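Visitor: Sharing a structure, written as structure tokens. Questions coming.
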Amino acid sequence: MNDLVWIFVSALLINNFVLAYFLGLCPFLGVSGRLETSFRLGLATIFVMLITALCAWFLNTYILVHAPYLRLISFIVVIASTVQFIEMVIKKLSPALFKALGIFLPLITTNCAILGLAIFSTNKGYGLAQGMIYALGAGLGFTLALVLMAGLREESELAPVPRLMRGTAMNLIIAGILSMAFMGFAGLFSAA
Amino acid sequence: MKALSSLFKRGFSHGIHPEELKDRTQGLHTQRMPFVERYVLPVRQHRGAPSKPTVEVGQRVGRGEIIAEPGAFVSTALHAPVTGWVRAIGRRRFPGGRYEQAIEIEADPYATQRLTVERPLDWRGLSLEDFVPIIHRSGIVGLGGAALPAHVKYSLREGVKIKYLIANGAECEPYLTNDHRVMVERADALLRGLEILHTLLGAEESIIGVELNKPDAIEVLRERTAGDPRLRVAPLRVKYPQGDSKMMIKSILGIEVPAGLHAADLGIIMNNVSTIAAIADYFDTGMPYIDRMVTVSGPGIPYPANLIVPLGTPVREVLRFCGGLGEDTREVIMGGPMMGTPIASLDAPVIKTSSGVLAFTESETARPREYPCIRCGRCVEACPYFLNPSRLARLAKARMYEEMKRAQVMECVECGSCTYSCPSGIPIVQLIRTAKNDLWAKKSKSK
Amino acid sequence: MSEEHETALRGNEPSSTRLVATLGLAGLLSGLIIVSVFEATLPTITAYKAKVLREAVFEVLPDISRMRRLAYLDGRLTAKEQEEKDEQAVFGGYDADGRLMGYAIPSAGPGFQDTIRLLYGYLPAERKVVGMEILESRETPGLGDKIYKDAAFVANFGDLSIDPEIVSVKKGTKTAPNQVDAITGATISSKAVVRIINEGNRRWLERLPGPNEAPAFEVQKEQKGRKR
Amino acid sequence: MKPKDPRLLVQPSPLLKQRMTTGQAMRDVLIALLPATLAGIWFFGLGALLVLFACVLGAVLTEWTFAPTEERRERMLDGSGLLTGLLLGLSLPPGLPLWMAFLGGAAGIGLGKLIWGGLGHNLFNPALVGRAFLLAAFPVAMTTWSPQSGPEEFFQVQASNLALPFMQASYDAISSATPLGLMKFEYQSTPLWDLMIGKTTGCIGETSSLLLVLGGVYLLLRRDLDWRIPAGILGSVAGFSTLLFLIDPQQYPGPLFSAFSGGLLLGAIYMATDPVTSPITPKGAWIFGVGVGLLVVLIRVFGGFPEGVMYAILLMNAATPLIDRYTQPRVFGKGIKTE
Amino acid sequence: MSSTRAQPDAYQEFIKGLWRDNPVFVQVLGMCPMLAVTNSATNALAMGGATFFVLVASSFLVSSLKQWIPKQVRISTYIIIIATFVTVTDFTLAALVPEIHKELGAFIPLIVANCMILGRQEAFASRNSVRLAVVDALGMASGFLFALFALGSVREILGEGAFFGLDLFGSDFEPWVIMILPPGGFLTLGLLLLFFSWIRERKEKLAQQLAETEAELR
Ligand SMILES: Cc1cc2nc3c(=O)[nH]c(=O)nc-3n(C[C@H](O)[C@H](O)[C@H](O)COP(=O)(O)O)c2cc1C
Ligand SMILES: Cc1cc2nc3c(=O)[nH]c(=O)nc-3n(C[C@H](O)[C@H](O)[C@H](O)COP(=O)(O)O)c2cc1C
Ligand SMILES: Cc1cc2nc3c(=O)[nH]c(=O)nc-3n(C[C@H](O)[C@H](O)[C@H](O)COP(=O)(O)O)c2cc1C
Ligand SMILES: Cc1cc2nc3c(=O)[nH]c(=O)nc-3n(C[C@H](O)[C@H](O)[C@H](O)CO)c2cc1C
Ligand code: SF4
Ligand code: SF4
Ligand code: SF4
Ligand code: SF4
Ligand code: FES
């Protein structure tokens with residue numbers, strides 16, 4: 001129980017996927033321009049991550065014990081198909097959202113954050129419950145970082161940022177400062 | 001005073017408290033300004049279309065005689081302030097630097113300057129429909145600063161039933177005291193005017209809103225209206241922009257006029273007290289709007305005064321009458337310091353909206369250098385319309401006008417409270433004006 | 001996809017069977033390649049893993065001469081070399097003539113930054129911890145990483161009584177045999193290590209049989225394979 | 001006959017302005033900080049003064065170097081760079097090597113202010129960006145607290161201060177834990193009165209609570225800071241820690257200790273209130289304050305650091321754009337139905 | 001196409017990848033799995049090397065198989081190919097250089113996720129001759145390697161006072177721990193981007209001036 005809490009907090013804040021593991025940078029730098037979009041992409045990612053965790057657990061327990069070498073391939077195939085599915089659903093439900101996310105849904109397919117989730121939770125040897133919690137934390141953490149970033153970027157668009165700084169360089173520095181701030185969560189709930 | 005104002009639960013939130021600076025003139029009885037030799041009368045002293053001159057050069061005109069008639073519905077007539085001769089009709093340069101059609105009249109030094117007008121008419125028995133065209137020709141405009149031809153407000157849209165008639169005696173701008181004097185010295189005229197409008201508009205209640213810094217006016221009006229069920233005096237906290245119609249309506253009636261609607265749409269007509277008095281005069285004596293009460297004050301003025309000035313009198317003459325300009329004067333303002341406009345030359349004439357003539361020296365006009373906005377939030381807490389001036393200014397500087405529209409910039413009434421309170425000296429309302437004008441231009445182009 | 005792509009692979013609509021065939025083929029090929037490489041590399045990799053493990057075990061259990069993996073299966077320890085998913089195991093350390101001397105117990109828990117995995121040596125006879133090695137940690141360089149870089153700190157675990165339980169105290173105030181001098185500036189990681197060992201004990205101590213009824217070490221077979 | 005007119009200005013209205021200026025606000029904060037600064041120097045000796053100086057130098061030099069030549073004078077004059085440097089210095093341990101202090105000032109202004117476009121455009125508190133940078137770069141030096149120096153050794157500067165650039169510090173006085181460190185790791189409290197007058201170890205500027213409050217009162221009277229933010233912070237810290245205290249008085253500090261220990265007052269009064277990096281709407285200010293307070297207690301009590309004020313403020317800085325966006329008041333007359 | 005025409009192209013392609021539109025400093029692609037392990041020059045090189053191999057190998061395969069890959073399933077096929085090479089690399093590293101493999105840990109499999117690699121297949125390899133594809137891949141991969149190496153070096157030198165693990169400034173150098181912590185990764189990359197765009201601008205300015213002066217001389 002206690003370790004579930006820690007797993008969640010750790011994935012959400014202490015070892016935030018974006019700010020501590022550098023995972024999912026493409027969407028992080030690419031989509032965080034607008035708050036609206038970031039939020040939606042975040043939700044999409046959470047969803048994909050939860051499903052990924054489920055698949056990963058299934059594969060690990062029933063298939064990979066016999067054929068460990070197929071890990072990567074099987075992960076990719078499963079995740080890819082999941083995302084395809086989601087893409088279809090979203091296209092159906094809200095064309096607007098589909099437009100907003102543009103090329104990024106396909107990008108999630110090969111997004112390292114997703115794959116990373118599967119691989120990490122495997123390495124950590126998480127069971128189903130732990131894996132799901134981990135995925136939830138990671139997804140929420142990703143969304144949190146993305147949304148904060150979007151807010152900061154929209155605001156800094158009004159500022160006379162030095163010309164050479166503009167664009168990715170600026171965003172990386174913002175991310176750096178954000179990641180410095182997130183260091184404050186280190187050791188959370190581990191210091192008994 | 002403080003205790004009293006704290007009694008008022010209602011009233012509008014935000015707003016600012018500039019120094020009042022009225023004490024130099026608020027006690028002074030009004031004087032009549034003597035006639036001078038030349039008068040310059042722009043044909044556009046109101047909001048709407050310019051008036052059309054009806055006289056030629058050389059023609060003799062009598063004081064009060066019509067010299068230009070309304071050019072459209074949203075427009076009004078113009079009358080000769082003196083007996084004399086039309087000397088020129090042509091373009092003149094005016095405050096704000098734009099050239100405008102104006103009629104120039106040379107006073108006849110030997111004339112008796114008696115009013116030459118058709119006999120006063122009786123308002124009783126008039127219907128609102130006959131009343132509107134009469135006011136249309138009276139030359140009376142909203143003296144509260146909007147300068148909207150008075151009749152426009154009275155030509156109600158179909159199905160609008162007038163509930164309240166409000167006389168706006170807030171006079172929230174610093175220095176100005178002319179509305180104050182009107183209420184003290186010409187209370188009877190004001191009340192008669194109120195009665196006229198009240199009856200013709202069929203209002204249920206008439207309310208005179210006065211800021212608490214005019215206790216004498218409140219007292220006078222209180223005792224004059226005592227026992228009249230249709231009338232009441234509403235004291236208001238001293239706060240800028242208490243005089244703004246929507247703010248005043250909020251303070252008096254607790255009603256928040258929805259954005260995009262006019263007071264009239266809610267069955268409320270608001271007029272400035274001087275406007276109302278002017279209407280009374282028109283019906284009593286037949287005198288159209290040709291004399292304007294002007295507060296002459298400010299550190300650059302040796303002998304401040306509340307003057308009754310014939311329209312068209314050059315500011316130079318007004319100043320001379322008040323002892324000339326101190327040579328440390330830097331700026332001469334027409335109207336109030338918050339919403340008025342400085343004039344570039346002393347030859348500019350007094351017009352219908354010149355509620356004041358103020359002379360400022362270095363200490364008022366000096367501006368510290370502009371800092372970047374530090375988001376201190378003072379402007380936010382000042383804006384009576386609950387806008388975010390800081391953000392509006394940022395957007396304006398980034399030329400993101402459409403975004404400003406989304407930030408409701410069009411609700412801004414340009415009261416200037418934000419600029420007044422900004423420690424970084426950012427010309428917020430000025431930036432907003434440019435943005436708004438740009439947006440208006442786009443709108444009219446798209447139309 | 002884009003026009004020039006159409007032209008790029010100039011093929012008119014292929015049948016779905018062909019699609020499946022292609023994918024299947026690709027999958028097959030990659031499977032083949034992977035398996036062969038896997039088979040080729042497996043021995044080296046496992047050998048390395050084993051070597052690392054051996055070194056760790058011999059590190060934390062100083063004077064043993066042999067080791068073997070003891071899995072905890074239905075209530076008792078049984079010697080069992082190859083590991084299975086989620087089965088718990090410790091490592092028995094034996095002296096030259098196969099008598100069990102102590103156990104090397106793996107344990108893990110949250111540290112300052114991320115999970116810390118460690119292995120510690122435990123002598124049931126003296127109820128003592130006699131060695132500790134960090135297998136994996138992401139503690140801050142210069143602070144947290146002292147838990148394995150700072151010899152003084154590691155030395156704490158060379159001869160450490162576990163009764164009633166291990167406690168960490170401010171540096172230089174160690175008095176009792178069950179106390180550990182924390183690293184100044186890295187109190188949290190220090191405490192974490194101690195807590196992790198305590199938890200390991202909590203989980204394992206009552207499962208560990210005494211020296212004599214512990215699974216014995218079949219001397220002859222093993223000796224060849226596992227000489228140091 | 002015509003007297004020559006004075007040449008007249010034509011400015012756009014409004015033509016009256018209230019007197020307060022931003023430069024004045026910055027100067028006010030400097031004045032308000034003066035007592036606490038002097039106290040810090042008195043407690044920790046000449047070394048502290050040098051650290052402060054190095055910080056300010058780093059900050060101001062950086063600002064000066066990267067400012068466009070024509071704006072230099074003005075940028076120097078608005079005093080915000082100076083203030084950043086001073087606040088950073090006040091939040092550093094007195095024994096810190098000078099070169100680190102200098103680096104911190106430079107990093108604070110560079111990363112925290114200039115790249116954003118200078119004064120008023122930064123979204124993170126520059127001083128704290130500088131401090132966070134130092135803390136993450138030199139954790140050991142930044143968590144080594146040299147004890148107070150008595151009046152007699154006022155003039156002897158500690159060896160650690162004088163470490164060569166890029167070289168490690170050698171500490172002559174053995175470091176002693178801060179009240180918070182003691183509380184967190186040894187569960188022992190420090191007498192309240194010591195916290196009040198500042199007879200404790202800690203950052204240069206954070207020790208003397210009374211003087212900090214004094215300065216805060218001055219700023220409140222000058223209307224330079226938004227009272228809601230300190231109110232929110234102190235209120236929530238007091239509330240939250242009272243709760244914990246009631247749960248387990250042994251392990252958790254009481255409200256008074258929480259409020260007067262560590263950098264809380266310095267942060268709540270002078271840093272969280274940085275207008276540039278805190279919400280502009282009144283409601284937002286409340287949210288910001290309470291958020292900081294909760295994060296502080298969270299990090300202090302359950303986190304890995306004895307002190308969490310810096311991280312709490314930085315985190316809320318990051319949230320400020322969102323807070324501002326969602327606490328915009330309803331525009332007058334909008335969203336009313338007309339019957 | 002004839003090799004005579006291909007010759008300059010090839011060179012162009014190579015340089016393009018290495019410098020003009022360097023995948024990291026210009027296109028900022030596929031950083032994520034990489035940034036995490038650039039805290040030392042050694043790790044950076046190892047990761048770069050792995051990526052290098054995977055990119056070149058898959059580009060070669062894809063470009064040579066392009067006729068036989070139906071476009072409907074091309075992405076899936078590419079991914080399978082890439083994944084295969086990654087797995088191979090993973091095992092090989094584990095067998096050959098176990099210590100480094102331990103350091104890089106879970107991040108080698110993540111090479112699969114690297115947008116850049118897939119991007120190259122889709123955008124170039126699947127449309128060009130084998131040798132162009134390979135040259136392009138070589139260019140891109142070298143550019144990538146170079147970028148990672150730059151990052152890793154800066155972070156290691158400041159963060160540990162060492163380069164490839166050997167001490168630079170003597171024992172009492174104070175390392176900037178932040179450089180090897182995550183924020184250091186972001187900040188360093190950001191500042192490197194700044195630095196390179198600055199250089200590029202300088203070069204353009206110079207080129208302009210040169211052109212102008214030449215124009216005057218005529
Ligand atoms: C910021 C602002 C302040 C105003 N203050 C006053 C005032 O103090 N007194 C006044 O009569 N009108 C004031 N007005 C104009 C009133 O809103 C309203 O237009 C006027 O009272 C209508 O009467 P009128 O048509 O006779 O001018 C103000 C307008 C604005 C935008
Ligand atoms: C063409 C035109 C028509 C207007 N009609 C009305 C009206 O019918 N009633 C009214 O209260 N204001 C009317 N005004 C409103 C003016 O904006 C005036 O300012 C209004 O009274 C609100 O501002 P104020 O009350 O502060 O002057 C009109 C303005 C224009 C330009
Ligand atoms: C950037 C940074 C990294 C830190 N890393 C660790 C760490 O890895 N392990 C640890 O125990 N303490 C670490 N600390 C110190 C803790 O925050 C805490 O101050 C310390 O454990 C208290 O120990 P002390 O009471 O002996 O000073 C770090 C501090 C900072 C500023
Ligand atoms: C009340 C107040 C508090 C301030 N606090 C800080 C601060 O904590 N850190 C800082 O760098 N600047 C501070 N400043 C100065 C200035 O706002 C800061 O440098 C801006 O963030 C620079 O854009 C403060 C200014 C005021 C008026
Ligand atoms: S001058 Fe304008 S703002 Fe001032 S009191 Fe009169 S109407 Fe109101
Ligand atoms: S700018 Fe503002 S005040 Fe002027 S006309 Fe437009 S809306 Fe009315
Ligand atoms: S001028 Fe406009 S924005 Fe400024 S305070 Fe007045 S209404 Fe608000
Ligand atoms: S008052 Fe001026 S400085 Fe303060 S927030 Fe508004 S615009 Fe910015
Ligand atoms: S998301 Fe593109 S490489 Fe990680």
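By convention here, the chains of the structure tokens are called A, B, ... in the order presented, each chain's residues are numbered starting at 1, and ligands are numbered starting at 1 in the order presented.
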Quick one: DSSP strand (DSSP E) residues in stretch 82-195 of chain E, as a list in words?
Guide: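 In stretch 82-195 of chain E, DSSP puts these residues in strand (DSSP E): Ala162, Phe163, Leu166 and Asp167 of chain E.
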Visitor: Can those selected residues be exported to a file as a compact mmCIF listing (two decimals), in the first residue's frame so that it contains N, CA, C and O atoms?
Guide:
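What follows is the written file selection-v9.txt:
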# COMPACT_ATOMS: atom_id res chain seq x y z
N ALA E 162 35.98 16.13 -15.17
CA ALA E 162 36.74 15.05 -15.81
C ALA E 162 36.30 14.93 -17.26
O ALA E 162 35.29 15.49 -17.67
N PHE E 163 37.10 14.21 -18.05
CA PHE E 163 36.77 13.99 -19.45
C PHE E 163 37.08 12.54 -19.75
O PHE E 163 38.20 12.08 -19.48
N LEU E 166 38.78 10.75 -16.94
CA LEU E 166 40.06 11.10 -16.30
C LEU E 166 40.06 12.57 -15.86
O LEU E 166 39.56 13.46 -16.55
N ASP E 167 40.61 12.75 -14.68
CA ASP E 167 40.50 14.00 -13.95
C ASP E 167 41.20 15.15 -14.68
O ASP E 167 42.29 14.96 -15.21
Visitor: When the cut-off is 7 Å and you count only C-alpha atoms and all ligand atoms, which residues lie near ligand 1, shown as a short mmCIF file (atom, residue, chain, number, x, y, z; two decimals) with all heavy atoms, in the first residue's frame?
Guide:
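Wrote it out as out22.cif, contents follow:
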data_model
loop_
_atom_site.label_atom_id
_atom_site.label_comp_id
_atom_site.auth_asym_id
_atom_site.auth_seq_id
_atom_site.Cartn_x
_atom_site.Cartn_y
_atom_site.Cartn_z
N VAL B 141 -26.62 69.59 -25.79
CA VAL B 141 -25.98 68.28 -25.88
C VAL B 141 -25.70 67.79 -24.47
O VAL B 141 -25.77 68.55 -23.50
CB VAL B 141 -24.65 68.35 -26.66
CG1 VAL B 141 -24.86 68.89 -28.04
CG2 VAL B 141 -23.64 69.17 -25.88
N GLY B 142 -25.36 66.54 -24.41
CA GLY B 142 -25.01 65.98 -23.11
C GLY B 142 -23.78 66.67 -22.58
O GLY B 142 -22.72 66.64 -23.20
N LEU B 143 -23.91 67.31 -21.44
CA LEU B 143 -22.79 68.07 -20.88
C LEU B 143 -21.95 67.22 -19.94
O LEU B 143 -21.05 67.72 -19.28
CB LEU B 143 -23.31 69.31 -20.17
CG LEU B 143 -24.11 70.23 -21.11
CD1 LEU B 143 -24.71 71.38 -20.34
CD2 LEU B 143 -23.23 70.73 -22.23
N GLY B 144 -22.27 65.95 -19.88
CA GLY B 144 -21.50 65.06 -19.00
C GLY B 144 -20.21 64.62 -19.62
O GLY B 144 -19.46 63.85 -19.04
N GLY B 145 -19.94 65.09 -20.84
CA GLY B 145 -18.68 64.73 -21.47
C GLY B 145 -18.90 63.95 -22.74
O GLY B 145 -18.14 64.05 -23.70
N ALA B 146 -20.00 63.18 -22.80
CA ALA B 146 -20.23 62.39 -24.00
C ALA B 146 -20.67 63.28 -25.15
O ALA B 146 -20.51 62.93 -26.30
CB ALA B 146 -21.29 61.34 -23.74
N ALA B 147 -21.26 64.44 -24.82
CA ALA B 147 -21.68 65.41 -25.83
C ALA B 147 -22.61 64.78 -26.85
O ALA B 147 -22.64 65.18 -28.01
CB ALA B 147 -20.46 66.01 -26.54
N LEU B 148 -23.38 63.82 -26.41
CA LEU B 148 -24.38 63.25 -27.30
C LEU B 148 -25.55 64.22 -27.36
O LEU B 148 -26.05 64.64 -26.32
CB LEU B 148 -24.84 61.92 -26.74
CG LEU B 148 -25.94 61.26 -27.58
CD1 LEU B 148 -25.33 60.62 -28.81
CD2 LEU B 148 -26.65 60.23 -26.75
N ALA B 150 -28.73 65.92 -26.92
CA ALA B 150 -29.62 65.50 -25.83
C ALA B 150 -30.83 64.72 -26.35
O ALA B 150 -31.23 63.73 -25.76
CB ALA B 150 -30.08 66.72 -25.05
N ASN B 168 -27.15 63.44 -13.11
CA ASN B 168 -25.79 63.07 -12.75
C ASN B 168 -25.04 64.28 -12.23
O ASN B 168 -24.61 65.14 -13.00
CB ASN B 168 -25.10 62.49 -13.98
CG ASN B 168 -23.74 61.96 -13.63
OD1 ASN B 168 -23.12 62.38 -12.66
ND2 ASN B 168 -23.26 61.05 -14.45
N GLY B 169 -24.95 64.38 -10.92
CA GLY B 169 -24.22 65.49 -10.30
C GLY B 169 -22.97 65.01 -9.60
O GLY B 169 -22.54 65.59 -8.61
N ALA B 170 -22.42 63.95 -10.12
CA ALA B 170 -21.26 63.37 -9.44
C ALA B 170 -20.07 64.29 -9.55
O ALA B 170 -19.40 64.60 -8.56
CB ALA B 170 -20.93 62.02 -10.06
N GLU B 171 -19.81 64.72 -10.74
CA GLU B 171 -18.64 65.56 -11.00
C GLU B 171 -17.42 64.98 -10.33
O GLU B 171 -16.85 65.54 -9.40
CB GLU B 171 -18.86 66.98 -10.51
CG GLU B 171 -17.89 67.93 -11.16
CD GLU B 171 -18.42 69.35 -11.16
OE1 GLU B 171 -18.82 69.83 -10.10
OE2 GLU B 171 -18.43 69.95 -12.25
N CYS B 172 -17.08 63.78 -10.80
CA CYS B 172 -16.04 63.02 -10.11
C CYS B 172 -14.65 63.50 -10.47
O CYS B 172 -13.67 63.11 -9.84
CB CYS B 172 -16.18 61.54 -10.44
SG CYS B 172 -16.28 61.27 -12.20
N GLU B 173 -14.50 64.28 -11.52
CA GLU B 173 -13.16 64.70 -11.90
C GLU B 173 -12.61 65.74 -10.94
O GLU B 173 -13.35 66.59 -10.45
CB GLU B 173 -13.17 65.27 -13.32
CG GLU B 173 -13.31 64.22 -14.37
CD GLU B 173 -12.33 64.41 -15.50
OE1 GLU B 173 -11.37 65.18 -15.33
OE2 GLU B 173 -12.52 63.77 -16.55
N PRO B 241 -14.52 56.56 -11.27
CA PRO B 241 -15.43 57.44 -11.98
C PRO B 241 -16.88 57.26 -11.54
O PRO B 241 -17.66 56.64 -12.24
CB PRO B 241 -15.27 57.00 -13.42
CG PRO B 241 -15.00 55.53 -13.28
CD PRO B 241 -14.37 55.30 -11.95
N GLN B 242 -17.19 57.84 -10.39
CA GLN B 242 -18.56 57.75 -9.89
C GLN B 242 -19.54 58.28 -10.93
O GLN B 242 -20.68 57.82 -11.01
CB GLN B 242 -18.67 58.56 -8.60
CG GLN B 242 -19.99 58.47 -7.89
CD GLN B 242 -20.27 57.09 -7.34
OE1 GLN B 242 -20.89 56.28 -8.02
NE2 GLN B 242 -19.78 56.83 -6.14
N GLY B 243 -19.09 59.24 -11.75
CA GLY B 243 -20.01 59.89 -12.68
C GLY B 243 -20.31 59.06 -13.91
O GLY B 243 -21.23 59.37 -14.66
N ASP B 244 -19.54 58.02 -14.15
CA ASP B 244 -19.81 57.20 -15.33
C ASP B 244 -21.19 56.59 -15.19
O ASP B 244 -21.55 56.06 -14.15
CB ASP B 244 -18.76 56.11 -15.43
CG ASP B 244 -19.14 55.09 -16.48
OD1 ASP B 244 -19.51 55.53 -17.59
OD2 ASP B 244 -19.12 53.89 -16.19
N SER B 245 -21.96 56.66 -16.27
CA SER B 245 -23.39 56.33 -16.13
C SER B 245 -23.56 54.95 -15.52
O SER B 245 -24.30 54.77 -14.56
CB SER B 245 -24.06 56.38 -17.49
OG SER B 245 -23.38 55.56 -18.38
N LYS B 246 -22.82 53.96 -16.06
CA LYS B 246 -23.08 52.61 -15.57
C LYS B 246 -22.68 52.47 -14.11
O LYS B 246 -23.34 51.80 -13.32
CB LYS B 246 -22.35 51.60 -16.45
CG LYS B 246 -22.98 51.54 -17.84
CD LYS B 246 -22.43 50.42 -18.68
CE LYS B 246 -23.25 50.32 -19.97
NZ LYS B 246 -22.73 49.28 -20.87
N MET B 270 -30.22 58.97 -18.08
CA MET B 270 -29.34 59.76 -17.23
C MET B 270 -28.90 61.00 -17.97
O MET B 270 -28.58 60.95 -19.15
CB MET B 270 -28.11 58.95 -16.83
CG MET B 270 -27.09 59.80 -16.11
SD MET B 270 -25.65 58.88 -15.62
CE MET B 270 -26.38 57.78 -14.45
N ASN B 271 -28.96 62.11 -17.24
CA ASN B 271 -28.45 63.34 -17.81
C ASN B 271 -27.60 64.04 -16.78
O ASN B 271 -27.84 63.95 -15.58
CB ASN B 271 -29.57 64.27 -18.26
CG ASN B 271 -29.94 64.02 -19.70
OD1 ASN B 271 -31.09 63.86 -20.04
ND2 ASN B 271 -28.94 63.95 -20.55
N ASN B 272 -26.66 64.78 -17.29
CA ASN B 272 -25.84 65.62 -16.44
C ASN B 272 -26.71 66.77 -15.91
O ASN B 272 -27.63 67.24 -16.59
CB ASN B 272 -24.69 66.17 -17.26
CG ASN B 272 -23.88 67.16 -16.48
OD1 ASN B 272 -24.23 68.32 -16.46
ND2 ASN B 272 -22.85 66.69 -15.85
N VAL B 273 -26.44 67.21 -14.68
CA VAL B 273 -27.30 68.26 -14.08
C VAL B 273 -27.33 69.51 -14.95
O VAL B 273 -28.39 70.11 -15.15
CB VAL B 273 -26.81 68.58 -12.66
CG1 VAL B 273 -27.18 67.47 -11.70
CG2 VAL B 273 -25.33 68.87 -12.63
N THR B 275 -27.04 69.71 -18.15
CA THR B 275 -27.90 69.44 -19.29
C THR B 275 -29.34 69.74 -18.93
O THR B 275 -30.06 70.42 -19.66
CB THR B 275 -27.77 67.96 -19.70
OG1 THR B 275 -26.41 67.58 -19.65
CG2 THR B 275 -28.33 67.74 -21.07
N VAL B 413 -14.26 52.13 -21.00
CA VAL B 413 -14.86 53.44 -21.25
C VAL B 413 -13.80 54.54 -21.23
O VAL B 413 -14.12 55.71 -21.26
CB VAL B 413 -15.93 53.78 -20.21
CG1 VAL B 413 -17.08 52.82 -20.30
CG2 VAL B 413 -15.32 53.79 -18.83
N GLU B 414 -12.53 54.12 -21.14
CA GLU B 414 -11.43 55.07 -21.20
C GLU B 414 -11.46 56.08 -20.07
O GLU B 414 -11.19 57.26 -20.26
CB GLU B 414 -11.44 55.78 -22.56
CG GLU B 414 -11.40 54.75 -23.66
CD GLU B 414 -11.36 55.38 -25.03
OE1 GLU B 414 -11.26 56.61 -25.10
OE2 GLU B 414 -11.42 54.64 -26.01
N CYS B 415 -11.80 55.59 -18.88
CA CYS B 415 -11.85 56.49 -17.73
C CYS B 415 -10.45 56.88 -17.29
O CYS B 415 -10.26 57.87 -16.60
CB CYS B 415 -12.58 55.82 -16.57
SG CYS B 415 -11.65 54.45 -15.88
#
Visitor: What does the structure give for the distance between atom CA of B:Leu41 and atom CA of B:Gly356, in Å to one decimal?
Guide: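 Interatomic distance here is 17.3 Å.
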Visitor: What is the distance between atom CA of D:Val217 and atom CA of D:Arg325, in Å to one decimal?
Guide: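 If I compute the distance from atom CA of D:Val217 to atom CA of D:Arg325, I get 29.9 Å.
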Visitor: For D:Pro126, list every protein, DNA or RNA residue within 6 Å, evaluated using only C-alpha atoms, and leave out those in the same chain fewer than 2 positions away; present the list as a list of chain:residue names.
Guide: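 My reading of the contact set: D:Gly108, D:Ile109, D:Gly112, D:Lys113, D:Phe124, D:Leu128, D:Val129.
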Visitor: May I have the residues from that selection written out with N, CA, C and O atoms, as a short mmCIF file (atom, residue, chain, number, x, y, z; two decimals), in the first residue's frame?
Guide:
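For reference, result-v3.cif as written:
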data_model
loop_
_atom_site.label_atom_id
_atom_site.label_comp_id
_atom_site.auth_asym_id
_atom_site.auth_seq_id
_atom_site.Cartn_x
_atom_site.Cartn_y
_atom_site.Cartn_z
N GLY D 108 21.27 33.86 -11.66
CA GLY D 108 19.92 34.35 -11.36
C GLY D 108 19.47 35.36 -12.40
O GLY D 108 18.40 35.22 -12.99
N ILE D 109 20.30 36.36 -12.64
CA ILE D 109 19.90 37.39 -13.60
C ILE D 109 19.86 36.82 -15.01
O ILE D 109 18.93 37.05 -15.77
N GLY D 112 17.28 33.76 -14.98
CA GLY D 112 16.00 34.10 -14.36
C GLY D 112 15.37 35.36 -14.89
O GLY D 112 14.20 35.63 -14.64
N LYS D 113 16.15 36.19 -15.61
CA LYS D 113 15.59 37.50 -15.96
C LYS D 113 15.90 37.88 -17.40
O LYS D 113 15.00 38.11 -18.19
N PHE D 124 9.83 33.38 -13.51
CA PHE D 124 10.33 32.79 -12.27
C PHE D 124 11.10 33.85 -11.50
O PHE D 124 11.72 34.73 -12.10
N LEU D 128 15.52 33.42 -6.75
CA LEU D 128 15.36 32.01 -6.40
C LEU D 128 15.88 31.10 -7.49
O LEU D 128 16.41 30.03 -7.21
N VAL D 129 15.76 31.53 -8.76
CA VAL D 129 16.39 30.74 -9.82
C VAL D 129 17.88 30.63 -9.53
O VAL D 129 18.46 29.54 -9.56
#
